[in-house]
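Data from my_file.txt: compact mmCIF, C-alpha atoms
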# COMPACT_ATOMS: atom_id res chain seq x y z
CA MET A 1 197.11 -109.02 43.46
CA ALA A 2 199.08 -107.43 40.63
CA VAL A 3 199.37 -109.36 37.37
CA LEU A 4 202.93 -110.63 36.93
CA PRO A 5 204.71 -111.61 33.70
CA ARG A 6 203.57 -114.95 32.33
CA SER A 7 206.81 -116.09 30.66
CA TRP A 8 210.23 -115.89 32.35
CA LEU A 9 213.41 -116.70 30.40
CA PHE A 10 216.51 -117.88 32.27
CA THR A 11 219.88 -116.66 30.96
CA PRO A 12 223.26 -117.43 32.60
CA GLY A 13 224.81 -114.40 34.25
CA SER A 14 228.20 -115.58 33.04
CA ARG A 15 227.15 -115.12 29.39
CA PRO A 16 226.83 -111.35 28.83
CA ASP A 17 226.95 -112.04 25.09
CA ARG A 18 223.44 -113.51 25.44
CA PHE A 19 221.86 -110.71 27.47
CA ALA A 20 220.80 -108.51 24.56
CA LYS A 21 219.37 -111.43 22.61
CA ALA A 22 217.39 -112.61 25.64
CA ALA A 23 216.14 -109.06 26.24
CA ALA A 24 214.97 -108.92 22.62
CA SER A 25 213.09 -112.22 22.88
CA GLU A 26 209.32 -112.56 23.24
CA ALA A 27 209.62 -113.41 26.95
CA ASP A 28 207.72 -111.13 29.30
CA ALA A 29 210.55 -111.18 31.84
CA LEU A 30 214.24 -112.01 31.81
CA ILE A 31 215.93 -113.93 34.67
CA LEU A 32 219.68 -113.34 34.81
CA ASP A 33 221.00 -116.33 36.74
CA LEU A 34 223.90 -116.14 39.19
CA GLU A 35 223.25 -119.48 40.84
CA ASP A 36 222.90 -122.91 39.18
CA ALA A 37 223.81 -121.76 35.67
CA VAL A 38 227.16 -120.30 36.76
CA ALA A 39 230.28 -122.24 37.76
CA GLU A 40 231.56 -121.50 41.26
CA GLU A 41 234.76 -119.82 40.06
CA ALA A 42 232.80 -117.54 37.72
CA LYS A 43 230.15 -116.28 40.14
CA ALA A 44 231.83 -113.03 41.21
CA GLU A 45 232.56 -112.10 37.60
CA ALA A 46 229.01 -113.00 36.57
CA ARG A 47 227.66 -110.62 39.21
CA GLN A 48 229.69 -107.81 37.65
CA HIS A 49 228.33 -108.66 34.20
CA VAL A 50 224.76 -108.43 35.48
CA LEU A 51 225.40 -105.22 37.41
CA ALA A 52 226.87 -103.63 34.28
CA PHE A 53 223.87 -104.73 32.22
CA LEU A 54 221.45 -103.23 34.74
CA GLU A 55 223.37 -99.97 34.92
CA ASN A 56 222.89 -99.66 31.16
CA ARG A 57 219.60 -101.55 30.98
CA PRO A 58 217.86 -101.44 27.63
CA ASP A 59 214.87 -99.18 27.09
CA ALA A 60 212.40 -102.04 26.91
CA ARG A 61 209.17 -103.08 28.55
CA LYS A 62 210.63 -106.39 29.62
CA GLN A 63 210.95 -106.83 33.35
CA ILE A 64 214.28 -108.03 34.72
CA CYS A 65 214.84 -110.48 37.54
CA VAL A 66 218.14 -111.67 39.01
CA ARG A 67 218.47 -115.06 40.65
CA ILE A 68 221.07 -114.54 43.33
CA ASN A 69 222.92 -117.21 45.30
CA PRO A 70 221.34 -118.63 48.49
CA LEU A 71 221.25 -116.22 51.42
CA GLY A 72 222.86 -118.87 53.60
CA ARG A 73 226.08 -118.29 51.66
CA LYS A 74 228.47 -115.32 51.72
CA LEU A 75 228.05 -115.08 47.95
CA GLY A 76 224.30 -114.72 48.31
CA LEU A 77 224.59 -111.95 50.89
CA GLU A 78 227.10 -110.14 48.66
CA ASP A 79 224.70 -110.48 45.73
CA LEU A 80 221.83 -109.08 47.79
CA VAL A 81 223.79 -106.03 48.95
CA ALA A 82 225.20 -105.33 45.48
CA PHE A 83 221.78 -105.24 43.81
CA ALA A 84 220.13 -103.39 46.70
CA GLN A 85 222.62 -100.56 46.22
CA LEU A 86 221.80 -100.01 42.54
CA ALA A 87 220.02 -96.76 41.80
CA ASP A 88 217.94 -98.56 39.17
CA GLY A 89 217.96 -102.15 40.37
CA PRO A 90 216.21 -105.18 38.93
CA ASP A 91 212.45 -105.45 39.10
CA TYR A 92 212.80 -108.68 41.09
CA LEU A 93 215.36 -110.70 43.01
CA LEU A 94 214.75 -114.44 42.91
CA ILE A 95 215.78 -116.00 46.24
CA PRO A 96 216.78 -119.65 45.73
CA LYS A 97 216.40 -122.49 48.24
CA ALA A 98 213.64 -120.54 50.01
CA GLU A 99 212.80 -122.41 53.20
CA GLU A 100 212.83 -119.94 56.09
CA PRO A 101 210.54 -116.88 56.29
CA ALA A 102 213.27 -115.08 58.23
CA GLU A 103 215.55 -115.12 55.17
CA LEU A 104 212.95 -113.35 53.05
CA ALA A 105 212.34 -110.87 55.85
CA LEU A 106 216.09 -110.19 55.97
CA ALA A 107 216.20 -109.57 52.21
CA ASP A 108 213.32 -107.13 52.62
CA LYS A 109 215.15 -105.26 55.38
CA VAL A 110 218.32 -104.91 53.31
CA LEU A 111 216.38 -103.64 50.29
CA THR A 112 214.37 -101.24 52.45
CA ASP A 113 217.55 -99.93 54.09
CA GLN A 114 218.90 -99.02 50.65
CA GLY A 115 215.63 -97.50 49.45
CA SER A 116 215.25 -100.17 46.76
CA ARG A 117 211.91 -100.81 45.06
CA THR A 118 212.99 -104.28 43.91
CA ARG A 119 210.45 -106.98 44.76
CA LEU A 120 211.17 -110.56 45.79
CA LEU A 121 210.37 -113.93 44.28
CA ALA A 122 210.87 -117.04 46.42
CA LEU A 123 212.14 -120.14 44.63
CA VAL A 124 210.65 -123.06 46.55
CA GLU A 125 212.53 -126.20 45.59
CA SER A 126 212.74 -128.49 48.61
CA ALA A 127 210.47 -130.56 50.83
CA LYS A 128 211.18 -128.15 53.70
CA GLY A 129 210.31 -125.17 51.52
CA VAL A 130 206.98 -126.73 50.55
CA CYS A 131 206.21 -127.48 54.21
CA HIS A 132 206.95 -123.83 55.11
CA ALA A 133 205.09 -122.33 52.15
CA GLY A 134 202.42 -120.67 54.28
CA GLY A 135 205.01 -118.89 56.41
CA LEU A 136 207.03 -117.88 53.36
CA ALA A 137 203.95 -116.37 51.70
CA ALA A 138 203.30 -114.20 54.76
CA SER A 139 206.95 -113.27 55.42
CA THR A 140 207.05 -109.85 53.76
CA PRO A 141 204.79 -107.62 51.63
CA ARG A 142 207.72 -107.26 49.23
CA LEU A 143 207.17 -110.87 48.10
CA ALA A 144 205.44 -110.92 44.72
CA ALA A 145 205.36 -114.64 43.91
CA PHE A 146 206.58 -118.15 44.47
CA MET A 147 208.46 -119.98 41.75
CA PHE A 148 208.47 -123.76 41.89
CA GLY A 149 211.80 -125.54 41.40
CA ALA A 150 210.83 -128.99 40.14
CA ALA A 151 214.34 -130.36 39.52
CA ASP A 152 215.71 -129.72 43.01
CA TYR A 153 212.43 -130.78 44.60
CA ALA A 154 212.49 -134.10 42.75
CA ALA A 155 216.10 -134.66 43.79
CA ASP A 156 215.19 -133.86 47.40
CA LEU A 157 212.68 -136.72 47.25
CA GLY A 158 215.07 -139.08 45.47
CA GLN A 159 213.18 -138.85 42.18
CA GLN A 160 213.97 -137.96 38.55
CA VAL A 161 212.43 -134.74 37.35
CA GLY A 162 211.41 -136.23 34.00
CA THR A 163 209.19 -138.91 35.51
CA PHE A 164 208.25 -137.61 38.96
CA LYS A 165 204.79 -136.05 39.40
CA PRO A 166 205.06 -133.38 42.13
CA ASP A 167 201.33 -132.59 42.18
CA PHE A 168 201.25 -132.26 45.98
CA ALA A 169 204.01 -129.65 45.96
CA ARG A 170 202.41 -127.66 43.15
CA GLN A 171 199.00 -127.68 44.85
CA SER A 172 200.54 -126.73 48.19
CA LEU A 173 202.33 -123.74 46.66
CA VAL A 174 199.23 -122.57 44.81
CA ASN A 175 197.16 -122.72 48.00
CA ALA A 176 199.80 -120.97 50.12
CA ALA A 177 200.28 -118.30 47.46
CA ALA A 178 196.55 -117.62 47.34
CA SER A 179 196.43 -117.33 51.13
CA GLY A 180 199.23 -114.78 51.01
CA GLY A 181 197.85 -112.81 48.08
CA ILE A 182 200.80 -113.55 45.82
CA ALA A 183 201.22 -115.24 42.43
CA VAL A 184 202.87 -118.57 41.67
CA ILE A 185 205.09 -119.37 38.68
CA ASP A 186 205.78 -122.90 37.50
CA SER A 187 209.15 -124.55 37.05
CA PRO A 188 210.88 -124.66 33.65
CA PHE A 189 210.19 -127.61 31.38
CA PHE A 190 213.53 -129.24 30.67
CA ALA A 191 212.87 -131.22 27.45
CA ILE A 192 213.49 -128.55 24.83
CA ASP A 193 212.78 -130.98 21.98
CA ASN A 194 209.28 -131.97 23.16
CA PRO A 195 206.92 -129.04 22.50
CA ALA A 196 203.80 -131.18 22.80
CA ALA A 197 204.74 -132.19 26.35
CA LEU A 198 205.50 -128.56 27.19
CA LEU A 199 202.01 -127.55 26.08
CA ASP A 200 200.50 -130.33 28.16
CA GLU A 201 202.45 -129.30 31.28
CA CYS A 202 201.47 -125.66 30.78
CA ARG A 203 197.82 -126.68 30.49
CA GLN A 204 198.00 -128.73 33.69
CA SER A 205 199.82 -126.11 35.75
CA ARG A 206 197.46 -123.35 34.66
CA ALA A 207 194.53 -125.57 35.67
CA LEU A 208 196.11 -125.92 39.11
CA GLY A 209 196.30 -122.14 39.50
CA PHE A 210 199.77 -121.15 38.26
CA SER A 211 199.90 -117.77 36.54
CA GLY A 212 203.04 -118.31 34.46
CA LYS A 213 206.04 -120.49 33.77
CA ALA A 214 209.78 -120.16 33.49
CA ALA A 215 211.70 -121.21 30.38
CA ILE A 216 215.25 -122.30 29.67
CA HIS A 217 215.15 -121.65 25.91
CA PRO A 218 213.56 -118.91 23.77
CA ALA A 219 211.80 -121.58 21.69
CA GLN A 220 209.58 -122.33 24.70
CA ILE A 221 208.27 -118.80 25.13
CA GLU A 222 205.51 -118.82 22.52
CA ALA A 223 203.83 -121.88 24.01
CA ILE A 224 204.04 -120.49 27.56
CA ARG A 225 202.59 -117.13 26.58
CA GLU A 226 199.79 -118.77 24.64
CA MET A 227 198.83 -121.27 27.34
CA PHE A 228 198.88 -118.79 30.23
CA SER A 229 197.00 -116.03 28.40
CA PRO A 230 193.20 -115.82 28.56
CA THR A 231 191.49 -117.24 25.49
CA PRO A 232 189.38 -114.82 23.41
CA GLU A 233 186.29 -116.44 24.94
CA GLU A 234 187.60 -115.99 28.48
CA ARG A 235 188.56 -112.38 27.83
CA ASP A 236 185.13 -111.63 26.35
CA LEU A 237 183.35 -113.21 29.32
CA ALA A 238 185.57 -111.32 31.76
CA GLN A 239 184.79 -108.01 30.10
CA ARG A 240 181.05 -108.74 30.14
CA ILE A 241 181.19 -109.66 33.83
CA LEU A 242 182.97 -106.42 34.72
CA ALA A 243 180.50 -104.40 32.69
CA ALA A 244 177.53 -106.12 34.33
CA ALA A 245 178.85 -105.81 37.87
CA PRO A 246 180.67 -102.47 38.29
CA ASP A 247 179.98 -102.57 42.04
CA GLY A 248 180.94 -106.23 42.48
CA VAL A 249 177.41 -107.65 42.17
CA GLY A 250 175.16 -107.98 39.14
CA ILE A 251 173.31 -110.25 36.76
CA LEU A 252 174.61 -111.60 33.46
CA ASP A 253 172.63 -113.87 31.15
CA GLY A 254 170.13 -114.46 33.93
CA LYS A 255 172.79 -115.60 36.43
CA MET A 256 173.95 -113.87 39.57
CA ILE A 257 177.47 -112.41 39.56
CA ASP A 258 179.31 -112.20 42.88
CA ILE A 259 182.65 -110.80 43.97
CA ALA A 260 184.48 -114.10 43.33
CA MET A 261 183.51 -113.95 39.66
CA VAL A 262 184.50 -110.29 39.49
CA ARG A 263 187.93 -111.12 40.92
CA TRP A 264 188.42 -113.75 38.22
CA ALA A 265 187.23 -111.30 35.56
CA SER A 266 189.61 -108.57 36.70
CA ARG A 267 192.55 -110.89 36.03
CA ASN A 268 191.36 -112.00 32.60
CA ALA A 269 189.75 -108.95 31.00
What do you get writing this file as C-alpha cells?
Amino acid sequence: MAVLPRSWLFTPGSRPDRFAKAAASEADALILDLEDAVAEEAKAEARQHVLAFLENRPDARKQICVRINPLGRKLGLEDLVAFAQLADGPDYLLIPKAEEPAELALADKVLTDQGSRTRLLALVESAKGVCHAGGLAASTPRLAAFMFGAADYAADLGQQVGTFKPDFARQSLVNAAASGGIAVIDSPFFAIDNPAALLDECRQSRALGFSGKAAIHPAQIEAIREMFSPTPEERDLAQRILAAAPDGVGILDGKMIDIAMVRWASRNA
C-alpha cells in the first residue's frame, strides 16, 4: 500500500483568492471543495475556478484533491466528467456520500475512458456507508483511501459531532480499509480554538489505524503532521528491522522478525 499524505487541508472552491495561500501552507495535500463549502448557486462557478487553478497548477510537491458533488446528482456527474477530461487532472477526486460500490466503479470507468491517472478517495459519512465499507474498499483498484466524515455521520445517527463518539464507525473503516489494501484518513477536527483536543483526537485515531487527518484551518496542520509522523524512536526501530530482515525474516536484539513486522517497518522507516 502506497504511503498517502498525512495532512489534508480543505479550501472552498468558491474562494480562488485562497488557493495560492493554501498551496503554500505546510499541508501535505490540498482539498479544493466543491460540495459542502460552496453555496448551491455558486457551484458551477466554483468548478471553473478549480479547473483554472489545475490548468495552471503551481510547481509544488503538494498533492491536489478535489471534492466533487455526490454522483447521485447531475452536478456531481458534471464535476466528474470535467476533471476526467483534464490533461493534467488532480491527484485525487474525493467522492462524497460514498455508500454504493457501483458509484465508485462508475467513477473509475469514466476516468479510465478519458485516460486519467487521477485516483479516488471515498468519503464515508453515513450509517449505510459504514455498513457497506467492505464492498466500497473492494470496488475498484483506483481507490486509494477512505476518508471518514464525522459530522454527517453523527447527524445521520441523530447526534452532535462535538460530543458523539463514533468509535464503531472509525474501527469499521480501518478494518475494511486494511482488508482492501487502502489507507484511511480521519475526519477534520472542528474546534479550531482547542489545539489540545486536536492533539488528543489525532493520537486516538492514529492508535486505531488511521494514517492521516483532514484539516479545516492551516493552524491545525502542524499538529496533524507531528502526530501522524513516526517518532524518531519508531523510525530508528523501523530502519533496524529492515536492515536485519532484508528477505522478510531475521533476528533483531535476540527476537525473531517476521513479515508483519517488516510491513510495519516499511511504512515507518
Legend entry - Residue neighbourhood Asp253 (chain A), 10 Å, all atoms listed in the file, exclusion window fewer than 2 positions, as a count of residues only: 7
Inset, instruction - Extract, using only C-alpha atoms, all DNA, RNA and protein residues at most 8 Å from Asp79 (chain A), discarding same-chain residues fewer than 5 positions from it, and format them as a VMD selection string. - result: chain A and resid 47 68 to 69
Inset, instruction - Could you check which of A:Ser25, A:Ser211, A:Gln63, A:Gln114 is closest to Ser187 (chain A), using all atoms listed in the file? - result: A:Ser211
Inset, instruction - Take the point (212.3, -122.2, 27.6) as written in the file and pick out every residue within 9 Å of it, counting only C-alpha atoms; give the list as a PyMOL selection string. - result: chain A and resi 7-10+188-190+192+213-221+224
Selection export as an mmCIF file, in the frame of the given file, atoms kept: C-alpha atoms:
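And here's part00.cif as it stands now:
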data_model
loop_
_atom_site.group_PDB
_atom_site.id
_atom_site.type_symbol
_atom_site.label_atom_id
_atom_site.label_comp_id
_atom_site.auth_asym_id
_atom_site.auth_seq_id
_atom_site.Cartn_x
_atom_site.Cartn_y
_atom_site.Cartn_z
ATOM 1 C CA SER A 7 206.810 -116.090 30.660
ATOM 2 C CA TRP A 8 210.230 -115.890 32.350
ATOM 3 C CA LEU A 9 213.410 -116.700 30.400
ATOM 4 C CA PHE A 10 216.510 -117.880 32.270
ATOM 5 C CA PRO A 188 210.880 -124.660 33.650
ATOM 6 C CA PHE A 189 210.190 -127.610 31.380
ATOM 7 C CA PHE A 190 213.530 -129.240 30.670
ATOM 8 C CA ILE A 192 213.490 -128.550 24.830
ATOM 9 C CA LYS A 213 206.040 -120.490 33.770
ATOM 10 C CA ALA A 214 209.780 -120.160 33.490
ATOM 11 C CA ALA A 215 211.700 -121.210 30.380
ATOM 12 C CA ILE A 216 215.250 -122.300 29.670
ATOM 13 C CA HIS A 217 215.150 -121.650 25.910
ATOM 14 C CA PRO A 218 213.560 -118.910 23.770
ATOM 15 C CA ALA A 219 211.800 -121.580 21.690
ATOM 16 C CA GLN A 220 209.580 -122.330 24.700
ATOM 17 C CA ILE A 221 208.270 -118.800 25.130
ATOM 18 C CA ILE A 224 204.040 -120.490 27.560
#
Inset, instruction - Within 8 Å of Gly134 (chain A), counting only C-alpha atoms, which residues show up once you throw out same-chain ones fewer than 2 positions away? Write them as a PyMOL selection string, please. - result: chain A and resi 131-132+136-138+176-177+179-180
Legend entry - Selected residue of minimal separation from Lys62 (chain A) among A:Ala29, A:Ala42, A:Ala151, A:Leu121, counting only C-alpha atoms: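 The closest residue to Lys62 (chain A) is A:Ala29.
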Legend entry - Point-to-point distance in Å for CA of Arg6 (chain A) and CA of Glu45 (chain A):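 The value is 29.6 Å.
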Legend entry - From A:Gly158, A:Pro166, A:Pro90, A:Gly181, residue lying nearest Phe146 (chain A) [all atoms listed in the file]: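 Distance minimum relative to Phe146 (chain A) lands on A:Gly181.
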